[in-house]
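Enquirer: run05.pdb (PDB, C-alpha atoms (C1' of nucleotides)) pasted underneath:
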```
ATOM      1  CA  MET A   1     -49.336  17.064 -78.826  1.00  0.00           C
ATOM      2  CA  LYS A   2     -45.860  17.850 -77.536  1.00  0.00           C
ATOM      3  CA  SER A   3     -45.525  20.585 -74.968  1.00  0.00           C
ATOM      4  CA  THR A   4     -43.673  23.775 -75.835  1.00  0.00           C
ATOM      5  CA  PRO A   5     -39.880  23.523 -75.489  1.00  0.00           C
ATOM      6  CA  LEU A   6     -38.627  25.413 -72.460  1.00  0.00           C
ATOM      7  CA  SER A   7     -36.285  27.452 -74.658  1.00  0.00           C
ATOM      8  CA  ARG A   8     -39.299  28.903 -76.460  1.00  0.00           C
ATOM      9  CA  GLN A   9     -41.318  29.378 -73.320  1.00  0.00           C
ATOM     10  CA  GLY A  10     -38.639  31.768 -72.121  1.00  0.00           C
ATOM     11  CA  SER A  11     -38.309  33.613 -75.434  1.00  0.00           C
ATOM     12  CA  ARG A  12     -39.440  37.180 -75.930  1.00  0.00           C
ATOM     13  CA  PRO A  13     -42.641  36.310 -77.856  1.00  0.00           C
ATOM     14  CA  ALA A  14     -43.482  33.726 -75.204  1.00  0.00           C
ATOM     15  CA  ARG A  15     -43.017  36.199 -72.375  1.00  0.00           C
ATOM     16  CA  ARG A  16     -45.047  38.775 -74.251  1.00  0.00           C
ATOM     17  CA  LEU A  17     -47.939  36.397 -74.868  1.00  0.00           C
ATOM     18  CA  LEU A  18     -48.000  35.504 -71.175  1.00  0.00           C
ATOM     19  CA  ARG A  19     -47.766  39.167 -70.179  1.00  0.00           C
ATOM     20  CA  ILE A  20     -50.747  39.971 -72.404  1.00  0.00           C
ATOM     21  CA  TYR A  21     -52.631  37.044 -70.919  1.00  0.00           C
ATOM     22  CA  GLU A  22     -51.990  38.292 -67.382  1.00  0.00           C
ATOM     23  CA  LYS A  23     -53.187  41.771 -68.316  1.00  0.00           C
ATOM     24  CA  LEU A  24     -56.395  40.435 -69.812  1.00  0.00           C
ATOM     25  CA  LEU A  25     -57.013  38.119 -66.882  1.00  0.00           C
ATOM     26  CA  LYS A  26     -56.449  40.949 -64.423  1.00  0.00           C
ATOM     27  CA  THR A  27     -58.737  43.277 -66.367  1.00  0.00           C
ATOM     28  CA  PHE A  28     -61.606  40.962 -67.203  1.00  0.00           C
ATOM     29  CA  GLY A  29     -61.229  38.099 -64.723  1.00  0.00           C
ATOM     30  CA  PRO A  30     -61.666  34.372 -65.501  1.00  0.00           C
ATOM     31  CA  GLN A  31     -64.354  33.825 -68.119  1.00  0.00           C
ATOM     32  CA  GLY A  32     -65.257  30.228 -67.260  1.00  0.00           C
ATOM     33  CA  TRP A  33     -66.423  29.309 -70.725  1.00  0.00           C
ATOM     34  CA  TRP A  34     -68.106  25.984 -71.234  1.00  0.00           C
ATOM     35  CA  PRO A  35     -67.313  23.837 -68.201  1.00  0.00           C
ATOM     36  CA  ALA A  36     -66.519  20.235 -69.069  1.00  0.00           C
ATOM     37  CA  GLU A  37     -69.563  18.451 -67.638  1.00  0.00           C
ATOM     38  CA  ILE A  38     -71.897  19.609 -70.390  1.00  0.00           C
ATOM     39  CA  SER A  39     -69.664  18.693 -73.275  1.00  0.00           C
ATOM     40  CA  PHE A  40     -72.191  17.742 -75.941  1.00  0.00           C
ATOM     41  CA  GLU A  41     -73.851  21.102 -75.428  1.00  0.00           C
ATOM     42  CA  MET A  42     -70.466  22.712 -76.121  1.00  0.00           C
ATOM     43  CA  MET A  43     -70.119  20.800 -79.371  1.00  0.00           C
ATOM     44  CA  VAL A  44     -73.529  21.960 -80.556  1.00  0.00           C
ATOM     45  CA  GLY A  45     -72.761  25.472 -79.347  1.00  0.00           C
ATOM     46  CA  ALA A  46     -69.632  25.512 -81.503  1.00  0.00           C
ATOM     47  CA  PHE A  47     -71.841  25.229 -84.601  1.00  0.00           C
ATOM     48  CA  LEU A  48     -74.656  27.466 -83.455  1.00  0.00           C
ATOM     49  CA  THR A  49     -72.306  30.352 -82.682  1.00  0.00           C
ATOM     50  CA  GLN A  50     -70.704  30.392 -86.132  1.00  0.00           C
ATOM     51  CA  THR A  51     -70.892  34.061 -87.222  1.00  0.00           C
ATOM     52  CA  THR A  52     -73.471  34.551 -84.511  1.00  0.00           C
ATOM     53  CA  SER A  53     -73.473  36.056 -81.053  1.00  0.00           C
ATOM     54  CA  TRP A  54     -73.391  33.593 -78.186  1.00  0.00           C
ATOM     55  CA  SER A  55     -76.678  34.999 -76.856  1.00  0.00           C
ATOM     56  CA  ASN A  56     -78.428  33.962 -80.084  1.00  0.00           C
ATOM     57  CA  ALA A  57     -76.745  30.564 -79.976  1.00  0.00           C
ATOM     58  CA  GLU A  58     -78.034  30.153 -76.411  1.00  0.00           C
ATOM     59  CA  LEU A  59     -81.613  30.819 -77.501  1.00  0.00           C
ATOM     60  CA  ALA A  60     -81.263  27.955 -79.956  1.00  0.00           C
ATOM     61  CA  LEU A  61     -79.619  25.703 -77.339  1.00  0.00           C
ATOM     62  CA  ASP A  62     -82.519  26.408 -74.969  1.00  0.00           C
ATOM     63  CA  ASN A  63     -84.965  25.317 -77.668  1.00  0.00           C
ATOM     64  CA  LEU A  64     -83.056  22.067 -78.186  1.00  0.00           C
ATOM     65  CA  LYS A  65     -83.041  21.408 -74.426  1.00  0.00           C
ATOM     66  CA  ALA A  66     -86.747  22.161 -74.117  1.00  0.00           C
ATOM     67  CA  ALA A  67     -87.464  19.768 -76.977  1.00  0.00           C
ATOM     68  CA  GLY A  68     -85.372  17.118 -75.219  1.00  0.00           C
ATOM     69  CA  ILE A  69     -83.091  16.500 -78.191  1.00  0.00           C
ATOM     70  CA  LEU A  70     -79.801  17.951 -76.982  1.00  0.00           C
ATOM     71  CA  SER A  71     -78.010  14.621 -77.336  1.00  0.00           C
ATOM     72  CA  PRO A  72     -76.304  12.799 -80.214  1.00  0.00           C
ATOM     73  CA  GLU A  73     -79.265  10.417 -80.470  1.00  0.00           C
ATOM     74  CA  GLY A  74     -81.773  13.268 -80.229  1.00  0.00           C
ATOM     75  CA  ILE A  75     -80.268  15.283 -83.027  1.00  0.00           C
ATOM     76  CA  SER A  76     -79.641  12.203 -85.103  1.00  0.00           C
ATOM     77  CA  ALA A  77     -83.300  11.173 -84.903  1.00  0.00           C
ATOM     78  CA  CYS A  78     -84.703  14.672 -85.430  1.00  0.00           C
ATOM     79  CA  ARG A  79     -86.041  15.662 -88.850  1.00  0.00           C
ATOM     80  CA  HIS A  80     -84.153  18.414 -90.668  1.00  0.00           C
ATOM     81  CA  SER A  81     -87.178  20.706 -90.725  1.00  0.00           C
ATOM     82  CA  THR A  82     -87.760  20.315 -86.970  1.00  0.00           C
ATOM     83  CA  LEU A  83     -84.111  20.840 -86.142  1.00  0.00           C
ATOM     84  CA  ALA A  84     -83.962  23.942 -88.352  1.00  0.00           C
ATOM     85  CA  ARG A  85     -87.055  25.378 -86.666  1.00  0.00           C
ATOM     86  CA  LEU A  86     -85.626  24.826 -83.193  1.00  0.00           C
ATOM     87  CA  ILE A  87     -82.287  26.471 -83.960  1.00  0.00           C
ATOM     88  CA  ARG A  88     -83.824  29.346 -85.917  1.00  0.00           C
ATOM     89  CA  PRO A  89     -82.724  32.054 -83.403  1.00  0.00           C
ATOM     90  CA  SER A  90     -79.062  31.301 -84.105  1.00  0.00           C
ATOM     91  CA  GLY A  91     -79.418  32.327 -87.751  1.00  0.00           C
ATOM     92  CA  TYR A  92     -78.400  30.373 -90.887  1.00  0.00           C
ATOM     93  CA  PHE A  93     -80.672  27.703 -89.470  1.00  0.00           C
ATOM     94  CA  ASN A  94     -80.988  25.501 -92.560  1.00  0.00           C
ATOM     95  CA  LEU A  95     -77.241  25.481 -92.997  1.00  0.00           C
ATOM     96  CA  LYS A  96     -76.529  24.818 -89.331  1.00  0.00           C
ATOM     97  CA  ALA A  97     -79.090  22.017 -89.161  1.00  0.00           C
ATOM     98  CA  LYS A  98     -77.277  20.298 -92.023  1.00  0.00           C
ATOM     99  CA  ARG A  99     -73.886  20.859 -90.376  1.00  0.00           C
ATOM    100  CA  LEU A 100     -75.077  19.583 -86.992  1.00  0.00           C
ATOM    101  CA  LYS A 101     -76.479  16.446 -88.592  1.00  0.00           C
ATOM    102  CA  SER A 102     -73.215  15.729 -90.394  1.00  0.00           C
ATOM    103  CA  TYR A 103     -71.194  16.309 -87.225  1.00  0.00           C
ATOM    104  CA  VAL A 104     -73.385  14.048 -85.111  1.00  0.00           C
ATOM    105  CA  ARG A 105     -73.151  11.348 -87.782  1.00  0.00           C
ATOM    106  CA  TRP A 106     -69.345  11.486 -87.484  1.00  0.00           C
ATOM    107  CA  PHE A 107     -69.440  11.702 -83.669  1.00  0.00           C
ATOM    108  CA  ILE A 108     -71.549   8.570 -83.417  1.00  0.00           C
ATOM    109  CA  GLU A 109     -69.505   6.669 -85.993  1.00  0.00           C
ATOM    110  CA  ALA A 110     -66.053   7.688 -84.752  1.00  0.00           C
ATOM    111  CA  CYS A 111     -66.703   8.079 -81.016  1.00  0.00           C
ATOM    112  CA  ASP A 112     -69.852   6.080 -80.427  1.00  0.00           C
ATOM    113  CA  GLY A 113     -71.443   9.398 -79.460  1.00  0.00           C
ATOM    114  CA  LYS A 114     -69.345   9.529 -76.290  1.00  0.00           C
ATOM    115  CA  THR A 115     -67.194  12.506 -75.396  1.00  0.00           C
ATOM    116  CA  GLU A 116     -64.710  10.396 -73.459  1.00  0.00           C
ATOM    117  CA  ASN A 117     -63.837   8.619 -76.694  1.00  0.00           C
ATOM    118  CA  LEU A 118     -63.092  11.959 -78.334  1.00  0.00           C
ATOM    119  CA  CYS A 119     -60.980  12.884 -75.293  1.00  0.00           C
ATOM    120  CA  ALA A 120     -59.047   9.634 -75.656  1.00  0.00           C
ATOM    121  CA  MET A 121     -58.230  10.185 -79.334  1.00  0.00           C
ATOM    122  CA  ASP A 122     -54.889  11.579 -80.396  1.00  0.00           C
ATOM    123  CA  LEU A 123     -55.323  15.329 -80.896  1.00  0.00           C
ATOM    124  CA  ALA A 124     -53.774  15.489 -84.372  1.00  0.00           C
ATOM    125  CA  GLU A 125     -55.802  12.492 -85.544  1.00  0.00           C
ATOM    126  CA  ALA A 126     -59.059  13.820 -84.118  1.00  0.00           C
ATOM    127  CA  ARG A 127     -58.455  17.252 -85.638  1.00  0.00           C
ATOM    128  CA  SER A 128     -57.637  15.755 -89.010  1.00  0.00           C
ATOM    129  CA  GLN A 129     -60.842  13.701 -88.984  1.00  0.00           C
ATOM    130  CA  LEU A 130     -62.960  16.627 -87.805  1.00  0.00           C
ATOM    131  CA  LEU A 131     -61.690  18.889 -90.573  1.00  0.00           C
ATOM    132  CA  LYS A 132     -63.077  16.419 -93.119  1.00  0.00           C
ATOM    133  CA  VAL A 133     -66.575  16.616 -91.656  1.00  0.00           C
ATOM    134  CA  TYR A 134     -68.979  18.864 -93.572  1.00  0.00           C
ATOM    135  CA  GLY A 135     -69.475  22.156 -91.762  1.00  0.00           C
ATOM    136  CA  VAL A 136     -66.408  21.801 -89.545  1.00  0.00           C
ATOM    137  CA  GLY A 137     -63.716  24.356 -90.307  1.00  0.00           C
ATOM    138  CA  PRO A 138     -60.595  24.927 -88.235  1.00  0.00           C
ATOM    139  CA  GLU A 139     -62.200  27.181 -85.638  1.00  0.00           C
ATOM    140  CA  THR A 140     -65.123  24.859 -85.029  1.00  0.00           C
ATOM    141  CA  ALA A 141     -62.795  21.848 -84.870  1.00  0.00           C
ATOM    142  CA  ASP A 142     -60.517  23.534 -82.342  1.00  0.00           C
ATOM    143  CA  SER A 143     -63.480  24.788 -80.289  1.00  0.00           C
ATOM    144  CA  ILE A 144     -64.868  21.270 -80.030  1.00  0.00           C
ATOM    145  CA  LEU A 145     -61.487  19.752 -79.234  1.00  0.00           C
ATOM    146  CA  LEU A 146     -60.586  22.357 -76.612  1.00  0.00           C
ATOM    147  CA  TYR A 147     -63.863  23.228 -74.947  1.00  0.00           C
ATOM    148  CA  ALA A 148     -65.730  19.950 -75.222  1.00  0.00           C
ATOM    149  CA  ALA A 149     -62.925  17.373 -75.183  1.00  0.00           C
ATOM    150  CA  GLY A 150     -60.219  19.218 -73.247  1.00  0.00           C
ATOM    151  CA  HIS A 151     -57.475  18.813 -75.852  1.00  0.00           C
ATOM    152  CA  PRO A 152     -54.778  21.512 -75.716  1.00  0.00           C
ATOM    153  CA  THR A 153     -55.405  23.161 -79.089  1.00  0.00           C
ATOM    154  CA  PHE A 154     -55.535  26.928 -79.522  1.00  0.00           C
ATOM    155  CA  VAL A 155     -58.718  28.415 -80.964  1.00  0.00           C
ATOM    156  CA  VAL A 156     -58.202  31.298 -83.371  1.00  0.00           C
ATOM    157  CA  ASP A 157     -61.042  33.591 -84.378  1.00  0.00           C
ATOM    158  CA  ALA A 158     -61.586  36.922 -86.114  1.00  0.00           C
ATOM    159  CA  TYR A 159     -60.721  38.828 -82.935  1.00  0.00           C
ATOM    160  CA  THR A 160     -57.443  36.930 -82.561  1.00  0.00           C
ATOM    161  CA  ARG A 161     -56.499  37.871 -86.104  1.00  0.00           C
ATOM    162  CA  ARG A 162     -57.451  41.511 -85.659  1.00  0.00           C
ATOM    163  CA  ILE A 163     -55.793  42.014 -82.278  1.00  0.00           C
ATOM    164  CA  PHE A 164     -52.595  40.023 -82.690  1.00  0.00           C
ATOM    165  CA  SER A 165     -51.881  41.177 -86.238  1.00  0.00           C
ATOM    166  CA  ARG A 166     -52.140  44.738 -84.925  1.00  0.00           C
ATOM    167  CA  LEU A 167     -49.724  43.716 -82.180  1.00  0.00           C
ATOM    168  CA  GLY A 168     -47.338  42.555 -84.891  1.00  0.00           C
ATOM    169  CA  CYS A 169     -47.377  38.843 -84.016  1.00  0.00           C
ATOM    170  CA  PHE A 170     -48.300  37.845 -87.552  1.00  0.00           C
ATOM    171  CA  LYS A 171     -49.610  39.434 -90.740  1.00  0.00           C
ATOM    172  CA  GLU A 172     -53.266  40.342 -91.002  1.00  0.00           C
ATOM    173  CA  LYS A 173     -53.608  37.890 -93.879  1.00  0.00           C
ATOM    174  CA  ALA A 174     -51.883  35.026 -92.057  1.00  0.00           C
ATOM    175  CA  SER A 175     -53.650  31.684 -92.485  1.00  0.00           C
ATOM    176  CA  TYR A 176     -55.587  30.119 -89.624  1.00  0.00           C
ATOM    177  CA  GLU A 177     -52.909  27.455 -89.264  1.00  0.00           C
ATOM    178  CA  GLU A 178     -50.130  30.042 -89.107  1.00  0.00           C
ATOM    179  CA  MET A 179     -51.888  31.937 -86.334  1.00  0.00           C
ATOM    180  CA  ARG A 180     -52.664  28.783 -84.360  1.00  0.00           C
ATOM    181  CA  ALA A 181     -49.074  27.617 -84.740  1.00  0.00           C
ATOM    182  CA  TYR A 182     -47.815  30.927 -83.360  1.00  0.00           C
ATOM    183  CA  PHE A 183     -49.709  30.539 -80.090  1.00  0.00           C
ATOM    184  CA  MET A 184     -48.900  26.864 -79.770  1.00  0.00           C
ATOM    185  CA  LYS A 185     -45.215  27.496 -80.414  1.00  0.00           C
ATOM    186  CA  TYR A 186     -44.863  30.069 -77.668  1.00  0.00           C
ATOM    187  CA  LEU A 187     -47.415  29.023 -75.068  1.00  0.00           C
ATOM    188  CA  PRO A 188     -47.189  25.861 -72.959  1.00  0.00           C
ATOM    189  CA  ALA A 189     -49.663  23.234 -74.160  1.00  0.00           C
ATOM    190  CA  GLU A 190     -52.131  23.637 -71.305  1.00  0.00           C
ATOM    191  CA  ARG A 191     -55.818  23.342 -72.017  1.00  0.00           C
ATOM    192  CA  GLN A 192     -56.854  25.659 -69.173  1.00  0.00           C
ATOM    193  CA  LEU A 193     -54.520  28.372 -70.457  1.00  0.00           C
ATOM    194  CA  TYR A 194     -55.777  27.989 -74.046  1.00  0.00           C
ATOM    195  CA  ASN A 195     -59.374  27.927 -72.867  1.00  0.00           C
ATOM    196  CA  GLU A 196     -59.102  31.091 -70.821  1.00  0.00           C
ATOM    197  CA  TYR A 197     -56.864  32.907 -73.304  1.00  0.00           C
ATOM    198  CA  HIS A 198     -59.279  32.510 -76.185  1.00  0.00           C
ATOM    199  CA  ALA A 199     -62.220  33.568 -74.049  1.00  0.00           C
ATOM    200  CA  LEU A 200     -60.320  36.659 -72.894  1.00  0.00           C
ATOM    201  CA  ILE A 201     -59.434  37.546 -76.489  1.00  0.00           C
ATOM    202  CA  VAL A 202     -63.119  37.477 -77.362  1.00  0.00           C
ATOM    203  CA  VAL A 203     -63.981  39.730 -74.425  1.00  0.00           C
ATOM    204  CA  LEU A 204     -61.183  42.115 -75.351  1.00  0.00           C
ATOM    205  CA  GLY A 205     -62.325  42.135 -78.965  1.00  0.00           C
ATOM    206  CA  LYS A 206     -65.904  42.891 -78.070  1.00  0.00           C
ATOM    207  CA  ASN A 207     -64.966  45.685 -75.709  1.00  0.00           C
ATOM    208  CA  HIS A 208     -62.013  47.363 -77.392  1.00  0.00           C
ATOM    209  CA  CYS A 209     -61.089  46.083 -80.805  1.00  0.00           C
ATOM    210  CA  GLN A 210     -64.067  46.443 -83.107  1.00  0.00           C
ATOM    211  CA  PRO A 211     -63.424  46.935 -86.831  1.00  0.00           C
ATOM    212  CA  ARG A 212     -63.845  50.625 -86.135  1.00  0.00           C
ATOM    213  CA  PRO A 213     -61.561  51.018 -83.146  1.00  0.00           C
ATOM    214  CA  GLN A 214     -62.479  52.739 -79.913  1.00  0.00           C
ATOM    215  CA  CYS A 215     -59.637  51.820 -77.645  1.00  0.00           C
ATOM    216  CA  GLY A 216     -59.599  54.357 -74.846  1.00  0.00           C
ATOM    217  CA  GLU A 217     -59.297  52.007 -71.893  1.00  0.00           C
ATOM    218  CA  CYS A 218     -57.885  48.966 -73.695  1.00  0.00           C
ATOM    219  CA  PRO A 219     -55.778  46.915 -71.276  1.00  0.00           C
ATOM    220  CA  LEU A 220     -53.221  46.430 -74.067  1.00  0.00           C
ATOM    221  CA  ARG A 221     -52.836  50.139 -74.819  1.00  0.00           C
ATOM    222  CA  ARG A 222     -49.235  50.106 -73.585  1.00  0.00           C
ATOM    223  CA  GLU A 223     -48.242  47.242 -75.891  1.00  0.00           C
ATOM    224  CA  ARG A 224     -46.558  48.106 -79.186  1.00  0.00           C
ATOM    225  CA  HIS A 225     -49.126  48.134 -81.995  1.00  0.00           C
ATOM    226  CA  THR A 226     -49.133  48.458 -85.725  1.00  0.00           C
ATOM    227  CA  TYR A 227     -52.062  50.836 -85.559  1.00  0.00           C
ATOM    228  CA  ARG A 228     -52.454  53.757 -83.236  1.00  0.00           C
ATOM    229  CA  GLN A 229     -56.051  53.016 -82.419  1.00  0.00           C
ATOM    230  CA  ILE A 230     -55.084  50.226 -80.033  1.00  0.00           C
ATOM    231  CA  ALA A 231     -51.834  51.758 -78.850  1.00  0.00           C
ATOM    232  CA  ASP A 232     -53.398  55.022 -77.710  1.00  0.00           C
TER
ATOM    233  C1'  DG B   1     -81.903  51.415 -90.767  1.00  0.00           C
ATOM    234  C1'  DA B   2     -77.054  50.055 -90.329  1.00  0.00           C
ATOM    235  C1'  DC B   3     -73.872  47.314 -88.260  1.00  0.00           C
ATOM    236  C1'  DC B   4     -72.137  43.373 -85.908  1.00  0.00           C
ATOM    237  C1'  DA B   5     -71.843  38.566 -84.064  1.00  0.00           C
ATOM    238  C1'  DG B   6     -67.026  33.034 -80.913  1.00  0.00           C
ATOM    239  C1'  DG B   7     -67.516  30.478 -89.934  1.00  0.00           C
ATOM    240  C1'  DC B   8     -67.853  27.529 -93.642  1.00  0.00           C
ATOM    241  C1'  DA B   9     -68.473  25.590 -98.392  1.00  0.00           C
ATOM    242  C1'  DC B  10     -68.425  26.460-102.916  1.00  0.00           C
ATOM    243  C1'  DA B  11     -67.756  29.016-107.366  1.00  0.00           C
ATOM    244  C1'  DT B  12     -64.806  31.693-109.965  1.00  0.00           C
ATOM    245  C1'  DC B  13     -60.690  33.758-111.556  1.00  0.00           C
TER
ATOM    246  C1'  DG C   1     -54.187  30.447-103.902  1.00  0.00           C
ATOM    247  C1'  DA C   2     -56.830  34.293-103.365  1.00  0.00           C
ATOM    248  C1'  DT C   3     -61.174  36.464-103.528  1.00  0.00           C
ATOM    249  C1'  DG C   4     -66.249  36.807-103.615  1.00  0.00           C
ATOM    250  C1'  DT C   5     -70.772  35.103-102.272  1.00  0.00           C
ATOM    251  C1'  DG C   6     -74.711  32.770 -99.925  1.00  0.00           C
ATOM    252  C1'  DC C   7     -76.404  31.541 -95.680  1.00  0.00           C
ATOM    253  C1'  DA C   8     -80.310  34.645 -91.522  1.00  0.00           C
ATOM    254  C1'  DT C   9     -81.540  35.913 -86.794  1.00  0.00           C
ATOM    255  C1'  DG C  10     -81.385  39.115 -82.824  1.00  0.00           C
ATOM    256  C1'  DG C  11     -79.160  42.891 -80.151  1.00  0.00           C
ATOM    257  C1'  DT C  12     -77.341  47.644 -80.114  1.00  0.00           C
TER
END
```
Can you dump the structure from the file as structure tokens?

Expert:
Amino acid sequence: MKSTPLSRQGSRPARRLLRIYEKLLKTFGPQGWWPAEISFEMMVGAFLTQTTSWSNAELALDNLKAAGILSPEGISACRHSTLARLIRPSGYFNLKAKRLKSYVRWFIEACDGKTENLCAMDLAEARSQLLKVYGVGPETADSILLYAAGHPTFVVDAYTRRIFSRLGCFKEKASYEEMRAYFMKYLPAERQLYNEYHALIVVLGKNHCQPRPQCGECPLRRERHTYRQIAD
DNA sequence: GACCAGGCACATC
DNA sequence: GATGTGCATGGT
């Protein structure tokens, strides 16, 4: 992936995105999501947290660890019914068991079950392949590529849509790819920046930008917003 | 009891 | 292509 042209890095949207990032970092501090040494756990976590709080996903991850199957081989060899039972706390357990199985099948075939092989793949090629795997949508693909493999790809989620459409960066109905492209156009292609930025967006969303807004002490309250609830 | 949480595939129009 | 629906548990 090419890095952002300097001309865009100095543009107004680029400066604004970085200003927002600094505000969030100052307010909430570094989030330290998913350090690189436990990468397969991050991949599994990306599925378990789909429409689910991270705390519930963690309960399921703990069960997988306790059962000794938190590895590509472990999940591959595990029966569907057993896997579903272990990940039950994360919700949608039958669905997620099926998705995990299909992902691990791809990961073993394409990467020999080794994260370093995923790291070594070209980002665009890896993303394209991942998006064809059952159960892997754009957010899950980008989460795996960024948090587990360290590729500089921006993760967009429901909070990103809600917050940055209200900030006027794109329309509320913008596609996932449009939103991702916006961040990647204006931010330098640095995995640590993308990692921390997404994590900070989630923290901001949880604290200040719920569907029913309650934005009294929002760190972005001085930014220009489409809706008063964040601005004020 | 209602609402929300770090989505995705599939059916239907 | 847009929109609706099923999938399910745990915390607040």

Enquirer: Compile a residue-level contact table for chain C against chain A at a cut-off of 12 Å, reporting for every qualifying residue the shortest atom pair and its distance in Å to one decimal, with all atoms listed in the file counted, rows ordered by chain and ascending number, as a Markdown table.

Expert:
```
| residue | atom | partner | partner_atom | distance |
| --- | --- | --- | --- | --- |
| C:DG1 | C1' | A:Ser175 | CA | 11.5 |
| C:DA2 | C1' | A:Lys173 | CA | 10.6 |
| C:DG6 | C1' | A:Tyr92 | CA | 10.1 |
| C:DC7 | C1' | A:Tyr92 | CA | 5.3 |
| C:DA8 | C1' | A:Gly91 | CA | 4.5 |
| C:DT9 | C1' | A:Gly91 | CA | 4.3 |
| C:DG10 | C1' | A:Asn56 | CA | 6.5 |
| C:DG11 | C1' | A:Ser55 | CA | 8.9 |
```

Enquirer: Go through the shown structure with the PyMOL selection byres ((chain A) within 7 of (chain B)) and write out the matching residues as a list in words.

Expert: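 Taken on the displayed file, the PyMOL selection byres ((chain A) within 7 of (chain B)) yields the residues Thr49, Gln50, Thr51, Thr52, Ser53, Trp54, Gly135, Gly137, Asp157 and Val202 of chain A.
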
Enquirer: Which value, in Å to one decimal, gives the distance between CA of Lys132 in chain A and CA of Trp33 in chain A?

Expert: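 Spanning CA of Lys132 in chain A to CA of Trp33 in chain A is a straight-line distance of 26.1 Å.
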
Enquirer: May I ask for the distance between CA of Asn207 in chain A and CA of Leu146 in chain A, given in Å to one decimal place?

Expert: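 Between these atoms lies a distance of 23.8 Å.
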
Enquirer: Would you mind reading off the distance between CA of Met42 in chain A and CA of Ala148 in chain A, one decimal, in Å?

Expert: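 Value for the CA of Met42 in chain A-CA of Ala148 in chain A distance: 5.6 Å.
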
Enquirer: Run the PyMOL selection byres ((chain A and resi 205) around 9) mentally over the shown coordinates, then write out the matched residues as a PyMOL selection string, using the chain letters and numbers from the document.

Expert: chain A and resi 158-160+162-163+200-204+206-210

Enquirer: In file coordinates, which residues lie within 10 Å of (-49.2, 30.2, -81.8) using all atoms listed in the file, given as a list in words?

Expert: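 Within the cut-off we find Pro13, Ala14, Leu17, Thr153, Phe154, Val155, Val156, Cys169, Phe170, Glu177, Glu178, Met179, Arg180, Ala181, Tyr182, Phe183, Met184, Lys185, Tyr186 and Leu187 of chain A.
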
Enquirer: If the PyMOL selection byres ((chain A and resi 21) around 12) were run on this exact file, what residues would it hold? Put them as number ranges by chain.

Expert: A: 14-20, 22-30, 183, 187, 193-201, 204, 219-220

Enquirer: Restrict the selected residues to C-alpha atoms and save them as a compact mmCIF listing (two decimals), keeping the file's coordinate frame.

Expert:
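Produced file part16.txt, reproduced below:
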```txt
# COMPACT_ATOMS: atom_id res chain seq x y z
CA ALA A 14 -43.48 33.73 -75.20
CA ARG A 15 -43.02 36.20 -72.38
CA ARG A 16 -45.05 38.78 -74.25
CA LEU A 17 -47.94 36.40 -74.87
CA LEU A 18 -48.00 35.50 -71.18
CA ARG A 19 -47.77 39.17 -70.18
CA ILE A 20 -50.75 39.97 -72.40
CA GLU A 22 -51.99 38.29 -67.38
CA LYS A 23 -53.19 41.77 -68.32
CA LEU A 24 -56.40 40.44 -69.81
CA LEU A 25 -57.01 38.12 -66.88
CA LYS A 26 -56.45 40.95 -64.42
CA THR A 27 -58.74 43.28 -66.37
CA PHE A 28 -61.61 40.96 -67.20
CA GLY A 29 -61.23 38.10 -64.72
CA PRO A 30 -61.67 34.37 -65.50
CA PHE A 183 -49.71 30.54 -80.09
CA LEU A 187 -47.42 29.02 -75.07
CA LEU A 193 -54.52 28.37 -70.46
CA TYR A 194 -55.78 27.99 -74.05
CA ASN A 195 -59.37 27.93 -72.87
CA GLU A 196 -59.10 31.09 -70.82
CA TYR A 197 -56.86 32.91 -73.30
CA HIS A 198 -59.28 32.51 -76.18
CA ALA A 199 -62.22 33.57 -74.05
CA LEU A 200 -60.32 36.66 -72.89
CA ILE A 201 -59.43 37.55 -76.49
CA LEU A 204 -61.18 42.12 -75.35
CA PRO A 219 -55.78 46.92 -71.28
CA LEU A 220 -53.22 46.43 -74.07
```
